[in-house]
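K.L.:
One file: upload39.txt (compact mmCIF, C-alpha atoms).
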# COMPACT_ATOMS: atom_id res chain seq x y z
CA MET A 1325 84.48 109.70 153.07
CA ASN A 1326 83.21 106.90 150.79
CA ASP A 1327 79.65 107.78 151.72
CA GLU A 1328 80.14 111.47 150.89
CA SER A 1329 78.35 112.67 147.76
CA TYR A 1330 79.34 115.49 145.41
CA LEU A 1331 77.48 117.83 143.08
CA LYS A 1332 76.41 116.09 139.89
CA GLU A 1333 76.85 119.42 138.09
CA ASP A 1334 80.60 119.08 138.64
CA LEU A 1335 80.57 115.77 136.79
CA VAL A 1336 78.50 117.19 133.92
CA LYS A 1337 80.85 120.17 133.58
CA LEU A 1338 83.94 117.94 133.64
CA ARG A 1339 82.51 115.69 130.92
CA GLN A 1340 81.59 118.67 128.75
CA ASP A 1341 85.02 120.25 129.25
CA LEU A 1342 86.55 116.98 128.06
CA GLY A 1343 84.31 116.99 125.00
CA LEU A 1344 82.87 113.56 125.74
CA THR A 1345 79.36 112.24 125.27
CA GLN A 1346 77.59 110.40 128.08
CA GLN A 1347 78.24 107.14 126.25
CA GLU A 1348 81.97 107.87 125.91
CA MET A 1349 82.29 108.94 129.54
CA ALA A 1350 80.45 105.85 130.72
CA GLU A 1351 82.75 103.60 128.70
CA ARG A 1352 85.87 105.29 130.10
CA LEU A 1353 84.52 104.87 133.61
CA GLY A 1354 83.64 101.22 132.99
CA MET A 1355 79.96 101.85 133.70
CA ALA A 1356 76.74 101.01 131.92
CA LEU A 1357 75.29 104.02 130.10
CA ARG A 1358 72.06 103.88 132.10
CA GLY A 1359 73.93 103.88 135.42
CA TYR A 1360 76.01 106.89 134.36
CA GLN A 1361 72.93 108.78 133.16
CA ASP A 1362 71.29 108.18 136.55
CA ILE A 1363 74.22 109.95 138.24
CA GLU A 1364 74.02 112.98 135.95
CA ALA A 1365 70.24 113.09 136.37
CA GLY A 1366 70.57 113.01 140.16
CA GLU A 1367 68.76 109.68 140.48
CA SER A 1368 71.96 108.10 141.86
CA LYS A 1369 74.54 109.76 144.10
CA TYR A 1370 77.78 111.13 142.65
CA ARG A 1371 80.12 109.56 145.21
CA PHE A 1372 83.81 109.98 146.00
CA ILE A 1373 84.73 106.84 144.06
CA HIS A 1374 82.98 108.25 141.00
CA ARG A 1375 84.85 111.53 141.35
CA LEU A 1376 88.22 109.78 141.58
CA ALA A 1377 87.46 107.73 138.48
CA ALA A 1378 86.27 110.81 136.54
CA GLU A 1379 89.43 112.73 137.48
CA ARG A 1380 91.51 109.75 136.32
CA VAL A 1381 89.75 109.91 132.97
CA ALA A 1382 90.49 113.65 132.76
CA LEU A 1383 94.16 113.06 133.58
CA ALA A 1384 94.50 110.35 130.92
CA LEU A 1385 92.90 112.58 128.28
CA ALA A 1386 95.12 115.51 129.28
CA VAL A 1387 98.20 113.35 128.61
CA ASP A 1388 96.86 111.82 125.37
CA ARG A 1389 95.85 115.20 123.93
CA GLY A 1390 98.86 117.08 125.25
CA ASP A 1391 96.62 119.56 127.06
CA PRO A 1392 97.27 119.74 130.83
CA ASP A 1393 94.38 122.19 131.33
CA LEU A 1394 91.95 119.32 130.74
CA ALA A 1395 92.80 117.96 134.18
CA PRO A 1396 90.86 119.63 137.05
CA LEU A 1397 92.87 122.30 138.91
CA PRO A 1398 93.12 120.37 142.25
CA LEU A 1399 94.39 117.34 140.35
CA ARG A 1400 96.95 119.43 138.46
CA GLU A 1401 98.20 120.88 141.75
CA ASP A 1402 98.55 117.38 143.22
CA VAL A 1403 100.51 116.20 140.18
CA ILE A 1404 102.82 119.24 140.31
CA GLU A 1405 103.47 118.61 144.00
CA LEU A 1406 104.17 114.95 143.30
CA VAL A 1407 106.71 115.82 140.59
CA ARG A 1408 108.35 118.40 142.88
CA LEU A 1409 108.66 115.80 145.62
CA GLY A 1410 110.08 113.28 143.16
CA LYS A 1411 112.80 115.73 142.11
CA VAL A 1412 113.63 116.63 145.71
CA THR A 1413 114.12 112.96 146.56
CA LYS A 1414 116.14 112.55 143.30
CA ASN A 1415 113.89 109.78 142.06
CA PRO A 1416 115.03 109.08 138.44
CA ALA A 1417 111.43 108.41 137.43
CA TYR A 1418 110.75 112.13 137.89
CA ASP A 1419 113.73 113.35 135.85
CA ILE A 1420 112.13 115.92 133.54
CA ASP A 1421 114.77 115.52 130.83
CA SER A 1422 114.46 111.74 130.62
CA GLY A 1423 110.71 112.06 130.82
CA SER A 1424 110.74 114.55 127.95
CA ARG A 1425 112.82 112.21 125.84
CA ALA A 1426 110.45 109.32 126.51
CA SER A 1427 107.47 111.55 125.77
CA SER A 1428 109.04 112.80 122.54
CA GLN A 1429 109.74 109.23 121.47
CA LYS A 1430 106.16 108.26 122.23
CA ILE A 1431 104.83 111.20 120.21
CA SER A 1432 107.18 110.35 117.34
CA GLU A 1433 105.93 106.77 117.32
CA LYS A 1434 102.32 107.96 117.25
CA VAL A 1435 103.06 110.31 114.35
CA GLN A 1436 104.80 107.52 112.43
CA ASP A 1437 101.88 105.18 113.07
CA ALA A 1438 99.42 107.83 111.88
CA LYS A 1439 101.43 108.36 108.68
CA PHE A 1440 101.49 104.61 108.02
CA ARG A 1441 97.73 104.33 108.52
CA ALA A 1442 97.21 107.32 106.21
CA ALA A 1443 99.32 105.54 103.58
CA TYR A 1444 96.89 102.62 103.55
CA ALA A 1445 94.05 105.10 103.04
CA VAL A 1446 95.85 106.40 99.92
CA VAL A 1447 96.23 102.84 98.62
CA GLY A 1448 92.54 102.20 99.21
CA GLU A 1449 91.60 105.42 97.43
CA LEU A 1450 93.58 104.44 94.33
CA ILE A 1451 92.10 100.93 94.25
CA LEU A 1452 88.54 102.24 94.63
CA ILE A 1453 88.84 104.88 91.91
CA THR A 1454 90.48 102.35 89.56
CA THR A 1455 87.53 100.02 90.18
CA ALA A 1456 85.18 102.88 89.26
CA LEU A 1457 87.16 103.49 86.06
CA ASP A 1458 86.98 99.79 85.18
CA TYR A 1459 83.20 99.87 85.67
CA GLN A 1460 82.97 102.99 83.50
CA LEU A 1461 85.12 101.28 80.88
CA ASN A 1462 82.36 98.69 80.41
CA HIS A 1463 80.02 101.45 79.24
CA ILE A 1464 82.67 103.07 77.05
CA LEU A 1465 83.22 99.71 75.35
CA ILE A 1466 79.49 99.21 74.80
CA GLN A 1467 79.05 102.65 73.26
CA VAL A 1468 82.23 102.83 71.16
CA LEU A 1469 81.67 99.32 69.73
CA HIS A 1470 77.96 100.17 69.38
CA LEU A 1471 76.91 96.86 70.92
CA THR A 1472 73.25 95.92 71.09
CA GLU A 1473 71.87 96.37 74.60
CA SER A 1474 70.81 93.19 76.37
CA PRO A 1475 70.39 92.14 80.04
CA MET A 1476 73.56 90.02 79.97
CA LEU A 1477 75.76 92.39 77.96
CA GLU A 1478 77.34 94.36 80.77
CA PRO A 1479 77.82 91.36 83.11
CA VAL A 1480 79.68 89.55 80.31
CA ILE A 1481 81.90 92.54 79.52
CA ALA A 1482 82.61 92.98 83.24
CA THR A 1483 84.27 89.55 83.28
CA LEU A 1484 87.03 90.87 80.99
CA GLU A 1485 90.22 92.21 82.53
CA MET A 1486 90.78 95.94 82.24
CA ASN A 1487 93.79 95.52 79.94
CA ARG A 1488 91.78 93.31 77.59
CA LYS A 1489 89.04 95.96 77.31
CA ILE A 1490 91.69 98.59 76.60
CA GLU A 1491 93.09 96.42 73.78
CA MET A 1492 89.63 96.00 72.24
CA LEU A 1493 88.99 99.75 72.32
CA ARG A 1494 92.40 100.56 70.87
CA ALA A 1495 91.71 98.21 67.97
CA ARG A 1496 88.26 99.75 67.46
CA SER A 1497 89.60 103.31 67.58
CA LYS A 1498 91.25 102.78 64.16
CA HIS A 1499 87.75 102.79 62.67
CA ILE A 1500 86.59 106.03 64.32
CA ARG A 1501 86.44 108.50 61.45
CA GLN A 1502 86.44 111.73 63.46
CA THR A 1503 90.07 112.44 64.32
CA ASP A 1504 89.21 114.44 67.45
CA TRP A 1505 87.03 111.67 68.84
CA ARG A 1506 89.66 109.03 68.03
CA ASN A 1507 92.41 111.02 69.75
CA VAL A 1508 90.26 111.55 72.84
CA VAL A 1509 89.62 107.80 73.14
CA LEU A 1510 93.29 106.90 72.63
CA ALA A 1511 94.46 109.49 75.16
CA HIS A 1512 91.93 108.13 77.67
CA LEU A 1513 93.18 104.57 77.14
CA GLU A 1514 96.79 105.65 77.75
CA LYS A 1515 95.74 107.17 81.08
CA LEU A 1516 93.89 104.01 82.05
CA GLU A 1517 96.95 101.87 81.29
CA ARG A 1518 99.13 104.05 83.50
CA ILE A 1519 96.57 104.06 86.32
CA SER A 1520 96.15 100.28 86.03
CA ARG A 1521 99.92 99.73 86.36
CA TRP A 1522 100.05 101.85 89.50
CA ARG A 1523 97.00 100.11 90.89
CA ASN A 1524 98.77 96.77 90.49
CA ILE A 1525 101.85 98.12 92.27
CA ALA A 1526 99.71 99.42 95.15
CA ALA A 1527 97.67 96.22 95.43
CA HIS A 1528 100.45 93.63 95.06
CA THR A 1529 103.58 95.22 96.54
CA ALA A 1530 104.38 95.19 100.25
CA LEU A 1531 103.92 98.54 101.99
CA ILE A 1532 106.38 99.12 104.82
CA PRO A 1533 106.96 102.05 107.25
CA ASP A 1534 109.59 104.61 106.34
CA ASP A 1535 110.97 107.39 108.55
CA ARG A 1536 111.12 110.00 105.80
CA GLN A 1537 108.22 109.07 103.53
CA GLY A 1538 105.85 107.61 106.09
CA ALA A 1539 105.56 104.44 103.97
CA VAL A 1540 107.16 102.96 100.86
CA PHE A 1541 106.41 100.08 98.52
CA ALA A 1542 109.16 97.46 98.77
CA PRO A 1543 109.35 94.75 96.07
CA ALA A 1544 109.24 91.28 97.60
CA ALA A 1545 109.34 88.88 94.63
CA ALA A 1546 112.84 88.00 93.46
CA ALA A 1547 112.24 89.13 89.86
CA LYS A 1548 110.88 92.49 90.99
CA LEU A 1549 113.74 92.89 93.43
CA LEU A 1550 116.38 92.26 90.76
CA ARG A 1551 114.72 94.74 88.38
CA SER A 1552 114.62 97.36 91.12
CA PHE A 1553 118.35 97.26 91.96
CA GLN A 1554 120.33 100.37 91.08
CA ILE A 1555 123.99 99.50 90.48
CA GLU A 1556 126.09 102.41 91.68
CA ASP A 1557 128.87 102.34 94.26
CA GLU A 1558 126.65 100.01 96.24
CA PRO A 1559 123.54 98.15 95.06
CA ILE A 1560 120.40 99.88 96.35
CA ALA A 1561 116.92 98.39 96.04
CA SER A 1562 114.57 101.02 94.62
CA ARG A 1563 111.55 101.68 96.77
CA ILE A 1564 108.50 103.69 95.77
CA PRO A 1565 107.30 106.32 98.25
CA ILE A 1566 103.57 106.44 98.99
CA SER A 1567 103.54 110.09 97.87
CA ASP A 1568 104.00 108.90 94.27
CA LEU A 1569 100.41 107.64 94.31
CA ARG A 1570 98.87 111.08 94.83
CA PRO A 1571 99.50 112.33 91.23
CA VAL A 1572 98.09 109.03 89.95
CA ILE A 1573 94.92 109.51 92.00
CA ASN A 1574 94.58 113.03 90.60
CA LEU A 1575 95.01 111.61 87.10
CA ALA A 1576 92.37 108.98 87.82
CA GLU A 1577 89.89 111.62 88.97
CA THR A 1578 90.44 113.51 85.70
CA ALA A 1579 90.09 110.28 83.71
CA LEU A 1580 86.80 109.50 85.44
CA TYR A 1581 85.38 112.86 84.34
CA GLU A 1582 86.70 112.46 80.78
CA GLY A 1583 85.38 108.91 80.59
CA GLN A 1584 81.89 110.11 81.41
CA ASN A 1585 82.11 112.63 78.56
CA ILE A 1586 83.16 109.86 76.15
CA VAL A 1587 80.18 107.73 77.19
CA GLN A 1588 77.75 110.63 76.77
CA ASN A 1589 79.16 111.68 73.37
CA PHE A 1590 79.00 108.19 71.88
CA LEU A 1591 75.59 107.61 73.45
CA ARG A 1592 74.23 110.66 71.64
CA ALA A 1593 75.99 109.68 68.40
CA ASN A 1594 74.55 106.16 68.54
CA ALA A 1595 71.08 107.51 69.29
CA GLU A 1596 71.31 109.85 66.29
CA ARG A 1597 72.52 107.00 64.06
CA ALA A 1598 69.62 104.81 65.20
CA ARG A 1599 67.16 107.65 64.55
CA ARG A 1600 68.40 108.12 60.99
CA PHE A 1601 68.33 104.43 60.12
CA THR A 1602 64.82 103.93 61.48
CA LYS A 1603 63.28 106.62 59.28
Turn this file's structure into structure tokens for me.
P.N.:
Amino acid sequence: MNDESYLKEDLVKLRQDLGLTQQEMAERLGMALRGYQDIEAGESKYRFIHRLAAERVALALAVDRGDPDLAPLPLREDVIELVRLGKVTKNPAYDIDSGSRASSQKISEKVQDAKFRAAYAVVGELILITTALDYQLNHILIQVLHLTESPMLEPVIATLEMNRKIEMLRARSKHIRQTDWRNVVLAHLEKLERISRWRNIAAHTALIPDDRQGAVFAPAAAAKLLRSFQIEDEPIASRIPISDLRPVINLAETALYEGQNIVQNFLRANAERARRFTK
């Protein structure tokens, strides 16, 4: 039987039904890509051992994806017969109820793991957009303070912490004559302060799994822990769910758009002022 060869078209169809590329199928079979391609091209024989390995791949994917139809029909029939035999012999390993419970637990663990990974993506999104706002703040500071452009100006301003730049702009805003422009700048600075606080929470507070929320921020430092205690019937440490970051990210996206408008408005105002004084 080991010398018997099978139709390569069957292998191609199986791979396509599984939605795998040649590279992915080769990796799952533990083969070099070139060797696998030779089988599909008919340059090497599609042998019994290859068929067994390919069906094993199909069975594993059927289980992982929760789709039994991915397994070839003869293989499904063999599995059904095996389970039937296991139940007839009262083998506890083939108890459908216990198997269902184990499967449900496995699925639950996968879902929880996916939620926790997604939580880290939310943290990364907030940190990245806050970094973009900090970069934009350099240009707002240059335009609002009407600083003279030079090669080293922006690199020097970039060394300042975000809160320091906010303080400088708030002090400068007192000298903006147009009330509307002043209010826009102050409102933008308030948003940046809020976003910055949340960014610090996300970047410096431990993120732990949570059954209900997927993930929560849990204060680790003693001072933070004491501040977070709620004294009721029993002391409860306050934890921040990851979902609280989503409104902050939305706010940051709005602030990024508004910040660009501030830069453009002051850029035009400074250009007009320069034009008038150079006449």
K.L.:
What does the distance between atom CA of Glu1405 of chain A and atom CA of Gly1343 of chain A come to in Å, to one decimal place?
P.N.:
27.0 Å
K.L.:
Could you check how far atom CA of Leu1376 of chain A sits from atom CA of Val1336 of chain A, in Å to one decimal?
P.N.:
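These atoms are spaced 14.4 Å apart.
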K.L.:
Find the residue from A:Lys1489, A:Arg1523, A:Arg1600, A:Arg1570 that sits nearest to Ala1443 of chain A; use only C-alpha atoms when measuring.
P.N.:
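Between A:Lys1489, A:Arg1523, A:Arg1600, A:Arg1570, the residue approaching Ala1443 of chain A most closely is A:Arg1570.
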K.L.:
Just checking: using all atoms listed in the file, which residue out of A:His1374, A:Leu1383, A:Tyr1360, A:Ala1530 ends up closest to Leu1397 of chain A?
P.N.:
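Checking each candidate against Leu1397 of chain A, we get A:Leu1383 as the closest.
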K.L.:
Which residues, written as a ChimeraX atom specification, have at least one atom at most 12 Å from Ile1451 of chain A, with only C-alpha atoms counted and residues fewer than 4 positions away on the same chain left out?
P.N.:
/A:1444-1447,1455-1458,1519-1528,1569,1572-1573,1576
K.L.:
Do you have the atom CA of Tyr1459 of chain A-atom CA of Ala1482 of chain A distance handy?
P.N.:
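So the answer is 7.3 Å.
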K.L.:
Using all atoms listed in the file, which protein or nucleic acid residues come within 8 Å of Thr1529 of chain A? Drop anything in the same chain fewer than 5 positions from it, and give the result as a list in words.
P.N.:
Asn1524, Phe1541, Ala1542, Pro1543 and Ala1544 of chain A
K.L.:
List the neighbours of segment 1593-1598 of chain A out to 7 Å using only C-alpha atoms; skip same-chain residues closer than 4 positions along the sequence, and give me the result as a ChimeraX atom specification.
P.N.:
/A:1470,1589,1602
K.L.:
Can you work out which one of A:Pro1396, A:Gly1583, A:Gly1390, A:Gly1410 has the shortest atom-to-atom distance to Leu1513 of chain A, counting only C-alpha atoms?
P.N.:
A:Gly1583
K.L.:
Quick one: everything within 12 Å of Ala1511 of chain A, counting only C-alpha atoms, minus sequence neighbours fewer than 5 positions away in the same chain. Send it as a PDB file with C-alpha atoms, in the coordinates of the input.
P.N.:
ATOM      1  CA  ILE A1490      91.690  98.590  76.600  1.00  0.00           C
ATOM      2  CA  LEU A1493      88.990  99.750  72.320  1.00  0.00           C
ATOM      3  CA  ARG A1494      92.400 100.560  70.870  1.00  0.00           C
ATOM      4  CA  SER A1497      89.600 103.310  67.580  1.00  0.00           C
ATOM      5  CA  ASP A1504      89.210 114.440  67.450  1.00  0.00           C
ATOM      6  CA  TRP A1505      87.030 111.670  68.840  1.00  0.00           C
ATOM      7  CA  ARG A1506      89.660 109.030  68.030  1.00  0.00           C
ATOM      8  CA  LEU A1516      93.890 104.010  82.050  1.00  0.00           C
ATOM      9  CA  GLU A1517      96.950 101.870  81.290  1.00  0.00           C
ATOM     10  CA  ARG A1518      99.130 104.050  83.500  1.00  0.00           C
ATOM     11  CA  THR A1578      90.440 113.510  85.700  1.00  0.00           C
ATOM     12  CA  ALA A1579      90.090 110.280  83.710  1.00  0.00           C
ATOM     13  CA  GLU A1582      86.700 112.460  80.780  1.00  0.00           C
ATOM     14  CA  GLY A1583      85.380 108.910  80.590  1.00  0.00           C
ATOM     15  CA  ILE A1586      83.160 109.860  76.150  1.00  0.00           C
TER      16      ILE A1586
END
K.L.:
So which one's closest to Arg1375 of chain A, A:Leu1510, A:Ile1404, A:Leu1344, A:Leu1338? Using only C-alpha atoms, please.
P.N.:
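Once distances to Arg1375 of chain A are computed over only C-alpha atoms, the minimum belongs to A:Leu1338.
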K.L.:
Quick one: axis-aligned box around all listed atoms of segment 1464-1470 of chain A, 3 Å on every side, centre and edge lengths in Å to one decimal, written as JSON.
P.N.:
{"center_x": 80.6, "center_y": 101.1, "center_z": 73.2, "size_x": 11.3, "size_y": 9.9, "size_z": 13.7}
K.L.:
Need the shell around Ala1539 of chain A: protein/DNA/RNA residues with any atom at most 10 Å away, counting all atoms listed in the file. Skip same-chain ones fewer than 3 positions apart. Format as a PDB file with C-alpha atoms, in the frame of the given file?
P.N.:
ATOM      1  CA  GLN A1436     104.800 107.520 112.430  1.00  0.00           C
ATOM      2  CA  ASP A1437     101.880 105.180 113.070  1.00  0.00           C
ATOM      3  CA  LYS A1439     101.430 108.360 108.680  1.00  0.00           C
ATOM      4  CA  PHE A1440     101.490 104.610 108.020  1.00  0.00           C
ATOM      5  CA  ARG A1441      97.730 104.330 108.520  1.00  0.00           C
ATOM      6  CA  ALA A1442      97.210 107.320 106.210  1.00  0.00           C
ATOM      7  CA  ALA A1443      99.320 105.540 103.580  1.00  0.00           C
ATOM      8  CA  TYR A1444      96.890 102.620 103.550  1.00  0.00           C
ATOM      9  CA  LEU A1531     103.920  98.540 101.990  1.00  0.00           C
ATOM     10  CA  ILE A1532     106.380  99.120 104.820  1.00  0.00           C
ATOM     11  CA  PRO A1533     106.960 102.050 107.250  1.00  0.00           C
ATOM     12  CA  ASP A1534     109.590 104.610 106.340  1.00  0.00           C
ATOM     13  CA  ASP A1535     110.970 107.390 108.550  1.00  0.00           C
ATOM     14  CA  ARG A1536     111.120 110.000 105.800  1.00  0.00           C
ATOM     15  CA  ALA A1542     109.160  97.460  98.770  1.00  0.00           C
ATOM     16  CA  ARG A1563     111.550 101.680  96.770  1.00  0.00           C
ATOM     17  CA  ILE A1564     108.500 103.690  95.770  1.00  0.00           C
ATOM     18  CA  PRO A1565     107.300 106.320  98.250  1.00  0.00           C
ATOM     19  CA  ILE A1566     103.570 106.440  98.990  1.00  0.00           C
ATOM     20  CA  SER A1567     103.540 110.090  97.870  1.00  0.00           C
TER      21      SER A1567
END
K.L.:
Nearest residue to Asp1388 of chain A out of A:Leu1331, A:Leu1342, A:Leu1465, A:Val1407, using only C-alpha atoms?
P.N.:
A:Leu1342
K.L.:
For Val1468 of chain A, which of A:Phe1372, A:Leu1406, A:Val1509, A:Arg1599 is the closest residue, counting only C-alpha atoms?
P.N.:
A:Val1509
K.L.:
Around the point (88.9, 111.1, 131.7), in the coordinates given by the file, pick out the residues reaching within 9 Å, counting only C-alpha atoms, and return them as an MDAnalysis selection string.
P.N.:
chainID A and resid 1338:1339 1342 1344 1349 1352:1353 1377:1386 1394:1395
